[in-house]
$ cat input_35.txt   # compact mmCIF, C-alpha atoms (C1' of nucleotides)
# COMPACT_ATOMS: atom_id res chain seq x y z
CA MET A 9 -4.56 -21.84 11.36
CA ARG A 10 -4.91 -25.48 10.40
CA LYS A 11 -1.96 -26.79 12.34
CA PRO A 12 -1.34 -26.13 16.00
CA ILE A 13 1.11 -23.30 16.43
CA SER A 14 4.12 -24.21 18.45
CA ASP A 15 6.80 -21.97 17.03
CA ARG A 16 7.43 -18.99 14.80
CA ALA A 17 7.37 -20.93 11.57
CA ASP A 18 3.86 -22.23 12.19
CA ALA A 19 2.53 -18.70 12.55
CA LEU A 20 4.14 -17.33 9.40
CA PRO A 21 1.50 -18.33 6.82
CA ALA A 22 -1.32 -16.71 8.77
CA LEU A 23 0.88 -13.71 9.49
CA ALA A 24 1.72 -13.31 5.82
CA GLU A 25 -1.93 -13.41 4.89
CA VAL A 26 -2.78 -10.66 7.38
CA PHE A 27 -0.03 -8.40 6.08
CA ARG A 28 -1.07 -9.08 2.50
CA GLN A 29 -4.68 -8.22 3.17
CA HIS A 30 -4.21 -5.22 5.42
CA GLY A 31 -0.74 -3.89 4.75
CA TYR A 32 1.82 -3.28 7.45
CA GLU A 33 0.11 -0.39 9.22
CA GLY A 34 -3.31 -1.90 8.78
CA ALA A 35 -2.32 -5.21 10.30
CA SER A 36 -3.08 -4.46 13.92
CA LEU A 37 -2.08 -6.81 16.69
CA SER A 38 -5.72 -7.64 17.25
CA LEU A 39 -6.07 -8.75 13.62
CA ILE A 40 -2.84 -10.67 13.91
CA GLY A 41 -4.00 -12.31 17.10
CA ALA A 42 -7.29 -13.31 15.52
CA ALA A 43 -5.65 -14.67 12.38
CA THR A 44 -3.03 -16.70 14.20
CA GLY A 45 -5.09 -17.68 17.19
CA LEU A 46 -2.31 -16.43 19.42
CA GLY A 47 -2.54 -13.98 22.29
CA LYS A 48 -0.22 -11.05 22.61
CA GLY A 49 1.79 -12.97 25.15
CA SER A 50 2.57 -15.74 22.68
CA LEU A 51 3.17 -13.32 19.86
CA TYR A 52 5.74 -11.35 21.81
CA ASN A 53 7.23 -14.58 23.01
CA PHE A 54 7.83 -15.68 19.42
CA PHE A 55 8.65 -12.22 18.09
CA PRO A 56 10.26 -10.12 20.81
CA GLY A 57 10.75 -7.35 18.29
CA GLY A 58 7.00 -6.98 17.86
CA LYS A 59 5.25 -6.27 14.60
CA GLU A 60 8.36 -5.24 12.76
CA GLU A 61 10.02 -8.55 13.54
CA MET A 62 6.89 -10.37 12.39
CA ALA A 63 6.96 -8.58 9.05
CA GLU A 64 10.68 -9.21 8.70
CA ALA A 65 10.14 -12.91 9.31
CA VAL A 66 7.35 -13.01 6.74
CA LEU A 67 9.48 -11.22 4.17
CA ALA A 68 12.39 -13.55 4.85
CA GLU A 69 10.15 -16.55 4.29
CA ILE A 70 8.78 -15.10 1.05
CA GLU A 71 12.29 -14.40 -0.15
CA ALA A 72 13.37 -17.94 0.69
CA TRP A 73 10.36 -19.38 -1.12
CA PHE A 74 11.08 -17.44 -4.28
CA GLU A 75 14.78 -18.15 -4.03
CA GLU A 76 14.15 -21.87 -3.93
CA ARG A 77 11.22 -22.12 -6.31
CA VAL A 78 11.85 -19.33 -8.76
CA PHE A 79 15.21 -17.60 -8.66
CA ALA A 80 17.48 -20.64 -8.34
CA PRO A 81 15.71 -22.64 -11.09
CA LEU A 82 15.92 -19.60 -13.33
CA ARG A 83 19.62 -19.16 -12.75
CA GLU A 84 20.49 -22.82 -13.01
CA GLY A 85 18.14 -24.30 -15.55
CA GLY A 86 16.89 -21.19 -17.30
CA ASP A 87 13.40 -22.60 -17.01
CA VAL A 88 11.16 -19.60 -17.65
CA THR A 89 8.00 -21.65 -18.06
CA ALA A 90 8.40 -23.06 -14.57
CA MET A 91 8.68 -19.51 -13.24
CA PHE A 92 5.34 -18.56 -14.72
CA ALA A 93 3.72 -21.68 -13.31
CA ALA A 94 5.14 -20.99 -9.86
CA VAL A 95 4.12 -17.34 -9.99
CA GLU A 96 0.60 -18.10 -11.15
CA ALA A 97 0.20 -20.63 -8.38
CA TYR A 98 1.75 -18.40 -5.72
CA PHE A 99 -0.47 -15.43 -6.50
CA ARG A 100 -3.49 -17.70 -6.73
CA SER A 101 -4.23 -16.70 -10.30
CA GLY A 102 -4.51 -13.05 -9.38
CA ARG A 103 -6.58 -13.43 -6.24
CA ARG A 104 -3.58 -12.86 -4.03
CA VAL A 105 -1.50 -9.74 -3.88
CA CYS A 106 2.29 -9.47 -3.76
CA LEU A 107 3.21 -8.31 -0.27
CA VAL A 108 6.64 -7.17 -1.38
CA GLY A 109 5.17 -5.10 -4.19
CA ALA A 110 2.56 -3.64 -1.87
CA LEU A 111 5.24 -2.69 0.65
CA ALA A 112 7.22 -1.05 -2.13
CA LEU A 113 4.38 1.36 -2.79
CA ALA A 114 2.95 1.82 0.64
CA ASP A 115 3.49 3.74 3.81
CA SER A 116 6.24 1.86 5.54
CA ARG A 117 8.34 1.56 2.45
CA ASP A 118 11.67 2.74 3.84
CA ARG A 119 11.39 0.41 6.78
CA PHE A 120 11.74 -2.62 4.53
CA ALA A 121 13.45 -0.92 1.61
CA ALA A 122 16.52 -3.14 1.67
CA ARG A 123 14.56 -6.37 1.63
CA VAL A 124 12.18 -5.12 -1.03
CA ARG A 125 14.99 -4.01 -3.27
CA ARG A 126 16.85 -7.29 -2.90
CA TYR A 127 13.76 -9.34 -3.76
CA PHE A 128 13.16 -7.49 -7.00
CA ALA A 129 16.83 -7.21 -7.91
CA GLU A 130 17.27 -10.96 -7.51
CA TRP A 131 14.18 -11.65 -9.55
CA VAL A 132 15.28 -9.42 -12.43
CA ASP A 133 18.84 -10.76 -12.29
CA ALA A 134 17.79 -14.39 -12.31
CA LEU A 135 15.29 -13.89 -15.12
CA ALA A 136 17.81 -11.92 -17.18
CA ALA A 137 20.31 -14.75 -16.75
CA ALA A 138 17.74 -17.29 -17.88
CA LEU A 139 16.83 -15.27 -20.94
CA ALA A 140 20.47 -14.73 -21.77
CA ALA A 141 21.04 -18.46 -21.51
CA ARG A 142 18.29 -18.91 -24.05
CA GLY A 143 20.26 -16.86 -26.51
CA ARG A 144 19.34 -13.22 -25.96
CA GLU A 145 21.86 -10.45 -25.89
CA PRO A 146 22.65 -9.51 -22.28
CA ALA A 147 21.25 -6.00 -22.59
CA ALA A 148 18.08 -7.21 -24.29
CA ALA A 149 17.72 -9.99 -21.74
CA ARG A 150 17.85 -7.51 -18.90
CA GLU A 151 15.29 -5.22 -20.55
CA ALA A 152 13.01 -8.19 -21.14
CA ALA A 153 13.45 -9.33 -17.54
CA GLU A 154 12.47 -5.92 -16.19
CA ASP A 155 9.56 -5.90 -18.56
CA ILE A 156 8.28 -9.25 -17.35
CA VAL A 157 8.74 -8.66 -13.63
CA ALA A 158 7.05 -5.28 -13.94
CA GLY A 159 4.34 -6.93 -16.01
CA VAL A 160 3.60 -9.42 -13.25
CA GLN A 161 3.40 -6.70 -10.61
CA GLY A 162 1.27 -4.46 -12.78
CA ALA A 163 -1.07 -7.31 -13.57
CA LEU A 164 -1.56 -7.90 -9.86
CA VAL A 165 -2.40 -4.23 -9.37
CA LEU A 166 -4.81 -4.27 -12.30
CA ALA A 167 -6.48 -7.53 -11.33
CA ARG A 168 -7.03 -6.27 -7.81
CA ALA A 169 -8.16 -2.84 -8.93
CA LEU A 170 -10.66 -4.17 -11.46
CA ASP A 171 -11.63 -6.93 -9.03
CA GLU A 172 -11.07 -9.23 -11.96
CA PRO A 173 -8.53 -11.94 -11.14
CA ALA A 174 -8.75 -13.29 -14.69
CA ALA A 175 -6.90 -10.20 -15.88
CA PHE A 176 -3.83 -11.64 -14.15
CA GLY A 177 -4.05 -14.88 -16.07
CA ARG A 178 -4.36 -13.03 -19.36
CA ALA A 179 -1.29 -10.97 -18.50
CA VAL A 180 0.75 -14.01 -17.57
CA ALA A 181 -0.16 -15.63 -20.89
CA ARG A 182 1.05 -12.55 -22.75
CA LEU A 183 4.27 -12.38 -20.76
CA LYS A 184 4.90 -16.07 -21.32
CA ALA A 185 4.56 -15.59 -25.06
CA ARG A 186 6.87 -12.61 -24.93
CA ALA A 187 9.50 -14.60 -23.07
CA ALA A 188 9.48 -17.52 -25.47
CA MET B 235 2.09 24.83 0.06
CA ARG B 236 3.26 27.55 -2.27
CA LYS B 237 -0.02 29.38 -2.54
CA PRO B 238 -2.08 30.52 0.42
CA ILE B 239 -4.80 28.03 1.17
CA SER B 240 -8.24 29.53 1.17
CA ASP B 241 -10.42 26.64 0.09
CA ARG B 242 -10.47 22.89 -0.45
CA ALA B 243 -8.95 23.00 -3.90
CA ASP B 244 -5.82 24.78 -2.68
CA ALA B 245 -5.16 22.03 -0.18
CA LEU B 246 -5.57 19.15 -2.61
CA PRO B 247 -2.03 19.00 -4.07
CA ALA B 248 -0.37 18.83 -0.67
CA LEU B 249 -3.01 16.36 0.49
CA ALA B 250 -2.41 14.15 -2.51
CA GLU B 251 1.31 14.13 -1.85
CA VAL B 252 0.82 13.06 1.75
CA PHE B 253 -1.46 10.19 0.75
CA ARG B 254 0.95 9.15 -1.98
CA GLN B 255 3.90 9.08 0.37
CA HIS B 256 2.28 7.51 3.41
CA GLY B 257 -0.80 5.70 2.19
CA TYR B 258 -4.24 6.22 3.62
CA GLU B 259 -3.70 4.76 7.07
CA GLY B 260 -0.21 6.20 7.31
CA ALA B 261 -1.35 9.72 6.50
CA SER B 262 -2.11 10.92 9.99
CA LEU B 263 -3.84 14.18 10.65
CA SER B 264 -0.62 15.56 12.09
CA LEU B 265 1.22 14.79 8.85
CA ILE B 266 -1.64 16.25 6.88
CA GLY B 267 -1.63 19.35 9.03
CA ALA B 268 2.11 19.78 8.59
CA ALA B 269 1.96 19.25 4.83
CA THR B 270 -0.92 21.64 4.25
CA GLY B 271 -0.08 24.15 6.90
CA LEU B 272 -3.62 23.88 8.17
CA GLY B 273 -4.79 23.17 11.69
CA LYS B 274 -7.39 20.58 12.44
CA GLY B 275 -9.99 23.30 12.71
CA SER B 276 -9.42 24.42 9.15
CA LEU B 277 -9.17 20.88 7.86
CA TYR B 278 -12.48 19.89 9.36
CA ASN B 279 -13.93 23.13 8.16
CA PHE B 280 -12.97 22.25 4.58
CA PHE B 281 -13.60 18.52 4.91
CA PRO B 282 -16.38 17.88 7.44
CA GLY B 283 -16.16 14.18 6.63
CA GLY B 284 -12.61 14.03 7.92
CA LYS B 285 -9.82 11.99 6.43
CA GLU B 286 -12.07 9.87 4.27
CA GLU B 287 -13.52 12.96 2.61
CA MET B 288 -10.02 14.30 2.06
CA ALA B 289 -8.98 11.09 0.29
CA GLU B 290 -12.19 11.09 -1.74
CA ALA B 291 -11.51 14.64 -2.85
CA VAL B 292 -7.97 13.77 -3.82
CA LEU B 293 -9.12 10.74 -5.80
CA ALA B 294 -11.78 12.80 -7.52
CA GLU B 295 -9.19 15.36 -8.55
CA ILE B 296 -6.86 12.68 -9.86
CA GLU B 297 -9.68 11.12 -11.82
CA ALA B 298 -10.62 14.49 -13.27
CA TRP B 299 -7.02 15.20 -14.24
CA PHE B 300 -6.66 11.90 -16.05
CA GLU B 301 -10.07 12.24 -17.64
CA GLU B 302 -9.15 15.60 -19.11
CA ARG B 303 -5.51 14.98 -19.97
CA VAL B 304 -5.45 11.28 -20.79
CA PHE B 305 -8.76 9.50 -21.18
CA ALA B 306 -10.63 12.05 -23.26
CA PRO B 307 -7.74 12.64 -25.71
CA LEU B 308 -7.39 8.89 -26.09
CA ARG B 309 -11.06 8.41 -26.85
CA GLU B 310 -11.36 11.36 -29.15
CA GLY B 311 -8.07 11.66 -30.96
CA GLY B 312 -6.60 8.25 -30.36
CA ASP B 313 -3.36 9.97 -29.45
CA VAL B 314 -1.38 7.28 -27.65
CA THR B 315 1.89 9.20 -27.72
CA ALA B 316 0.33 12.07 -25.82
CA MET B 317 -0.80 9.61 -23.16
CA PHE B 318 2.74 8.41 -22.57
CA ALA B 319 4.00 11.96 -22.35
CA ALA B 320 1.30 12.89 -19.86
CA VAL B 321 1.90 9.77 -17.80
CA GLU B 322 5.65 10.23 -17.72
CA ALA B 323 5.21 13.82 -16.61
CA TYR B 324 2.55 13.00 -14.04
CA PHE B 325 4.56 10.27 -12.38
CA ARG B 326 7.66 12.45 -12.47
CA SER B 327 9.62 9.92 -14.52
CA GLY B 328 9.12 7.23 -11.93
CA ARG B 329 9.85 9.28 -8.84
CA ARG B 330 6.21 9.55 -8.00
CA VAL B 331 3.89 6.69 -7.16
CA CYS B 332 0.34 6.12 -8.40
CA LEU B 333 -1.97 6.72 -5.47
CA VAL B 334 -4.81 4.83 -7.11
CA GLY B 335 -2.61 1.83 -7.74
CA ALA B 336 -1.26 1.94 -4.20
CA LEU B 337 -4.77 2.06 -2.80
CA ALA B 338 -5.71 -0.92 -4.96
CA LEU B 339 -3.09 -3.03 -3.21
CA ALA B 340 -3.17 -1.63 0.27
CA ASP B 341 -5.10 -1.82 3.46
CA SER B 342 -8.08 0.36 2.86
CA ARG B 343 -8.78 -1.08 -0.54
CA ASP B 344 -12.48 -1.78 -0.15
CA ARG B 345 -13.12 1.71 1.13
CA PHE B 346 -12.25 3.21 -2.24
CA ALA B 347 -12.85 0.14 -4.36
CA ALA B 348 -15.47 1.77 -6.58
CA ARG B 349 -13.31 4.77 -7.42
CA VAL B 350 -10.23 2.64 -7.98
CA ARG B 351 -12.07 0.29 -10.29
CA ARG B 352 -13.56 3.12 -12.30
CA TYR B 353 -10.19 4.82 -12.77
CA PHE B 354 -8.57 1.72 -14.19
CA ALA B 355 -11.61 0.65 -16.19
CA GLU B 356 -11.77 4.04 -17.86
CA TRP B 357 -8.10 3.99 -18.61
CA VAL B 358 -8.22 0.55 -20.20
CA ASP B 359 -11.39 1.41 -22.12
CA ALA B 360 -10.05 4.67 -23.48
CA LEU B 361 -6.74 3.14 -24.48
CA ALA B 362 -8.46 0.17 -26.12
CA ALA B 363 -10.62 2.57 -28.11
CA ALA B 364 -7.56 4.49 -29.24
CA LEU B 365 -5.75 1.35 -30.30
CA ALA B 366 -8.83 0.11 -32.13
CA ALA B 367 -9.07 3.43 -33.93
CA ARG B 368 -5.51 2.84 -35.09
CA GLY B 369 -6.59 -0.33 -36.79
CA ARG B 370 -6.33 -3.14 -34.25
CA GLU B 371 -8.98 -5.77 -33.82
CA PRO B 372 -11.19 -4.91 -30.83
CA ALA B 373 -10.14 -7.96 -28.83
CA ALA B 374 -6.45 -7.40 -29.54
CA ALA B 375 -6.81 -3.73 -28.75
CA ARG B 376 -8.28 -4.52 -25.37
CA GLU B 377 -5.54 -7.02 -24.56
CA ALA B 378 -2.91 -4.50 -25.58
CA ALA B 379 -4.58 -1.82 -23.48
CA GLU B 380 -4.58 -4.02 -20.39
CA ASP B 381 -0.98 -4.89 -21.11
CA ILE B 382 0.07 -1.26 -21.29
CA VAL B 383 -1.85 -0.02 -18.25
CA ALA B 384 -0.54 -2.92 -16.21
CA GLY B 385 2.91 -2.21 -17.61
CA VAL B 386 2.80 1.36 -16.34
CA GLN B 387 1.68 0.30 -12.89
CA GLY B 388 4.23 -2.48 -12.68
CA ALA B 389 6.98 -0.14 -13.79
CA LEU B 390 6.06 2.22 -10.96
CA VAL B 391 6.26 -0.65 -8.48
CA LEU B 392 9.60 -1.77 -9.85
CA ALA B 393 11.10 1.70 -10.03
CA ARG B 394 10.12 2.36 -6.45
CA ALA B 395 11.23 -1.05 -5.23
CA LEU B 396 14.64 -0.84 -6.88
CA ASP B 397 14.87 2.82 -5.95
CA GLU B 398 15.75 3.36 -9.57
CA PRO B 399 13.37 5.85 -11.23
CA ALA B 400 15.06 5.32 -14.58
CA ALA B 401 13.50 1.87 -14.74
CA PHE B 402 10.18 3.63 -15.26
CA GLY B 403 11.47 5.54 -18.25
CA ARG B 404 12.81 2.38 -19.82
CA ALA B 405 9.46 0.68 -19.33
CA VAL B 406 7.54 3.56 -20.86
CA ALA B 407 9.83 3.46 -23.89
CA ARG B 408 9.12 -0.26 -24.34
CA LEU B 409 5.38 0.23 -23.92
CA LYS B 410 5.40 3.09 -26.39
CA ALA B 411 7.10 0.90 -28.97
CA ARG B 412 4.62 -1.88 -28.32
CA ALA B 413 1.69 0.49 -28.82
CA ALA B 414 2.95 1.86 -32.12
C1' DG C 261 4.62 -20.36 27.76
C1' DT C 262 0.20 -18.30 27.64
C1' DC C 263 -3.33 -15.32 29.20
C1' DT C 264 -5.23 -10.85 31.47
C1' DA C 265 -4.16 -6.21 33.07
C1' DT C 266 -2.59 -2.26 31.94
C1' DA C 267 0.67 1.52 30.57
C1' DC C 268 1.38 5.02 27.45
C1' DA C 269 1.48 7.19 23.01
C1' DG C 270 -0.93 8.55 19.21
C1' DT C 271 -5.12 8.40 16.47
C1' DG C 272 -9.41 10.77 14.39
C1' DA C 273 -12.66 13.85 15.75
C1' DT C 274 -15.20 17.55 18.48
C1' DA C 275 -16.08 21.68 21.34
C1' DG C 276 -15.37 26.18 22.61
C1' DA C 277 -12.59 30.47 22.92
C1' DC C 278 -11.27 34.07 20.12
C1' DG D 109 -12.62 30.67 10.09
C1' DT D 110 -8.86 29.27 12.85
C1' DC D 111 -6.56 27.75 16.88
C1' DT D 112 -6.24 25.15 21.52
C1' DA D 113 -7.73 21.91 24.51
C1' DT D 114 -9.76 17.84 25.04
C1' DC D 115 -12.60 13.75 23.87
C1' DA D 116 -12.98 8.70 23.39
C1' DC D 117 -10.69 5.24 21.30
C1' DT D 118 -7.18 2.10 19.39
C1' DG D 119 -2.48 1.22 18.65
C1' DT D 120 1.82 -1.24 20.34
C1' DA D 121 4.09 -2.94 23.96
C1' DT D 122 4.86 -4.53 28.76
C1' DA D 123 4.13 -6.59 33.42
C1' DG D 124 2.45 -9.89 36.30
C1' DA D 125 -0.67 -13.87 37.50
C1' DC D 126 -1.15 -18.54 36.61
$ encode --input "input_35.txt" --output "C-alpha cells"
Amino acid sequence: MRKPISDRADALPALAEVFRQHGYEGASLSLIGAATGLGKGSLYNFFPGGKEEMAEAVLAEIEAWFEERVFAPLREGGDVTAMFAAVEAYFRSGRRVCLVGALALADSRDRFAARVRRYFAEWVDALAAALAARGREPAAAREAAEDIVAGVQGALVLARALDEPAAFGRAVARLKARAA
Amino acid sequence: MRKPISDRADALPALAEVFRQHGYEGASLSLIGAATGLGKGSLYNFFPGGKEEMAEAVLAEIEAWFEERVFAPLREGGDVTAMFAAVEAYFRSGRRVCLVGALALADSRDRFAARVRRYFAEWVDALAAALAARGREPAAAREAAEDIVAGVQGALVLARALDEPAAFGRAVARLKARAA
DNA sequence: GTCTATACAGTGATAGAC
DNA sequence: GTCTATCACTGTATAGAC
C-alpha cells in the first residue's frame, strides 16, 4: 500500500499478499479492500470479473516474475545458483508461502488448475534443461529437477508448519548441494 | 459412507475426505452433510462444537493413525522402509493430498497451528531417531529427516499441481534410496 | 472513478416438531 | 436422535449518488 493505487498493477502486490495469507476462499472482499485501501467500487472497476479475475491477475504476475527471473535464466544460462538465490529471496527465507503451491492443494484447485500446472511444468522443464546443460543425462536431469522443485515446495510447507522459517534455508542449502 | 453411521467415529473418514478435497473454509456444512449422509441435526449432535470440532476430530484421528502406523514403528524399530510403504498407501500413490500439510499453507492455519506443528515435529523426530539408530550422526540424521518429510510433502504438492500422481511415486523412490 | 446502499445467495448454527 | 424451518450473519456482486 506504499504507492498510490491508480491501476490494476498497483494493487497486485497487496492482492497477492492477501491471497497468500488467507487462500482464495479466505480472502474476502473486505480483507482485500482493507489490504489494498480500495473500496468495492474501485475493485470492481479494476477487476470487472471480481475475485476470480483478481486471483488470475495475481497468478499471471507471479508467472511472469518467475518466467523472467527464474525460468528464462535457467533455460538460457543454466544458472542454477541464481535460481536458488531468487527463490530464497522471493519466499523471504521461508517466511512467505507459495501461492501457486497453496492453490494446488487447496479448495479452489480446479478453478486455477491450468495455471498451476503450467507454472510447475515450466519450472521443472527449465530446471531439467539447466541440469542437462551441465552434463546430466536427460532422464536424470528431469528426475533431479522434480526432486528440487518438490523439495522447495515441501520445505515451504515444513517451515510454515513448524513455524520455523530457518528450516527453509536449511532445505535450500541441501538442494543447492544436490544440484551442484 | 459404506457403513451406517451411528457415532462420531463412523463419520470421520467421510469428513476427512471432504476437508481434504475442499479445505477447511471450502468444506461447507452442505458438502459435509452430503458426504456423510447426515443432517445438520445429527452432525451437531455428534459434534456440538460445529465445524471446528469436526476438523479437530479428523486431525486427531490422522495424528493417531500416523502415531500408530508410522511414528511409533520408526522410533521403536527404526523401520524406514515400512514408513515409505505406509505413506505411499496412505496418500494413495499421490492421488490423495495431506490434509495437515494443506492446513499448514492455507487460510485457517493459525486455528490448527498447534496440531499441525505437533504432527510434523513428531514425524521429523521419529524419522531422525530411526536414521540415527541406523548409524547416522544425530545432526545429519535430523537434516536427512527434515529433507525426507519435506520431500514427501513437496511431492504431494507437485503431483497434485501437475495432475500426475506418478510423480509422487518417483519421489518416494528417490527418498527411499536417500534414506538407505 | 470512487463511495454508500443494497440485493441476494449461502454460510454456520439453533430451535422445535416428531 | 433426526429432520425441517429458521436464525443472524457474511459472502460476492450490483446499482445509484456524487
$ atom_distance --input "input_35.txt" --atom1 "atom C1' of C:DA265" --atom2 "atom C1' of D:DG124"
8.2 Å
$ interface_residues --input "input_35.txt" --of "chain B" --to "chain D" --cutoff "12 Å" --atoms "only C-alpha atoms (C1' of nucleotides)" --output "MDAnalysis selection string"
chainID B and resid 240:241 271:280
$ atom_distance --input "input_35.txt" --atom1 "atom CA of B:Ile382" --atom2 "atom CA of B:Glu398"
20.1 Å
$ residues_around --input "input_35.txt" --residues "A:Ala22" --least-positions-apart "3" --cutoff "10 Å" --atoms "only C-alpha atoms (C1' of nucleotides)" --output "PyMOL selection string"
chain A and resi 9-10+18-19+25-28+40-45+66
$ interface_residues --input "input_35.txt" --of "chain C" --to "chain A" --cutoff "10 Å" --atoms "all atoms listed in the file" --output "count of residues only"
4
$ atom_distance --input "input_35.txt" --atom1 "atom CA of A:Ala114" --atom2 "atom CA of B:Ala336"
6.4 Å
$ interface_residues --input "input_35.txt" --of "chain B" --to "chain A" --cutoff "6 Å" --atoms "only C-alpha atoms" --output "PDB file with C-alpha atoms, in the frame of the given file"
ATOM      1  CA  HIS B 256       2.280   7.510   3.410  1.00  0.00           C
ATOM      2  CA  GLY B 257      -0.800   5.700   2.190  1.00  0.00           C
ATOM      3  CA  GLY B 260      -0.210   6.200   7.310  1.00  0.00           C
ATOM      4  CA  ALA B 336      -1.260   1.940  -4.200  1.00  0.00           C
ATOM      5  CA  ALA B 338      -5.710  -0.920  -4.960  1.00  0.00           C
ATOM      6  CA  LEU B 339      -3.090  -3.030  -3.210  1.00  0.00           C
ATOM      7  CA  ALA B 340      -3.170  -1.630   0.270  1.00  0.00           C
ATOM      8  CA  ASP B 341      -5.100  -1.820   3.460  1.00  0.00           C
ATOM      9  CA  VAL B 350     -10.230   2.640  -7.980  1.00  0.00           C
ATOM     10  CA  ARG B 351     -12.070   0.290 -10.290  1.00  0.00           C
ATOM     11  CA  ALA B 384      -0.540  -2.920 -16.210  1.00  0.00           C
ATOM     12  CA  GLY B 385       2.910  -2.210 -17.610  1.00  0.00           C
ATOM     13  CA  GLN B 387       1.680   0.300 -12.890  1.00  0.00           C
ATOM     14  CA  GLY B 388       4.230  -2.480 -12.680  1.00  0.00           C
ATOM     15  CA  ALA B 389       6.980  -0.140 -13.790  1.00  0.00           C
ATOM     16  CA  LEU B 392       9.600  -1.770  -9.850  1.00  0.00           C
ATOM     17  CA  ALA B 395      11.230  -1.050  -5.230  1.00  0.00           C
ATOM     18  CA  LEU B 396      14.640  -0.840  -6.880  1.00  0.00           C
TER      19      LEU B 396
END
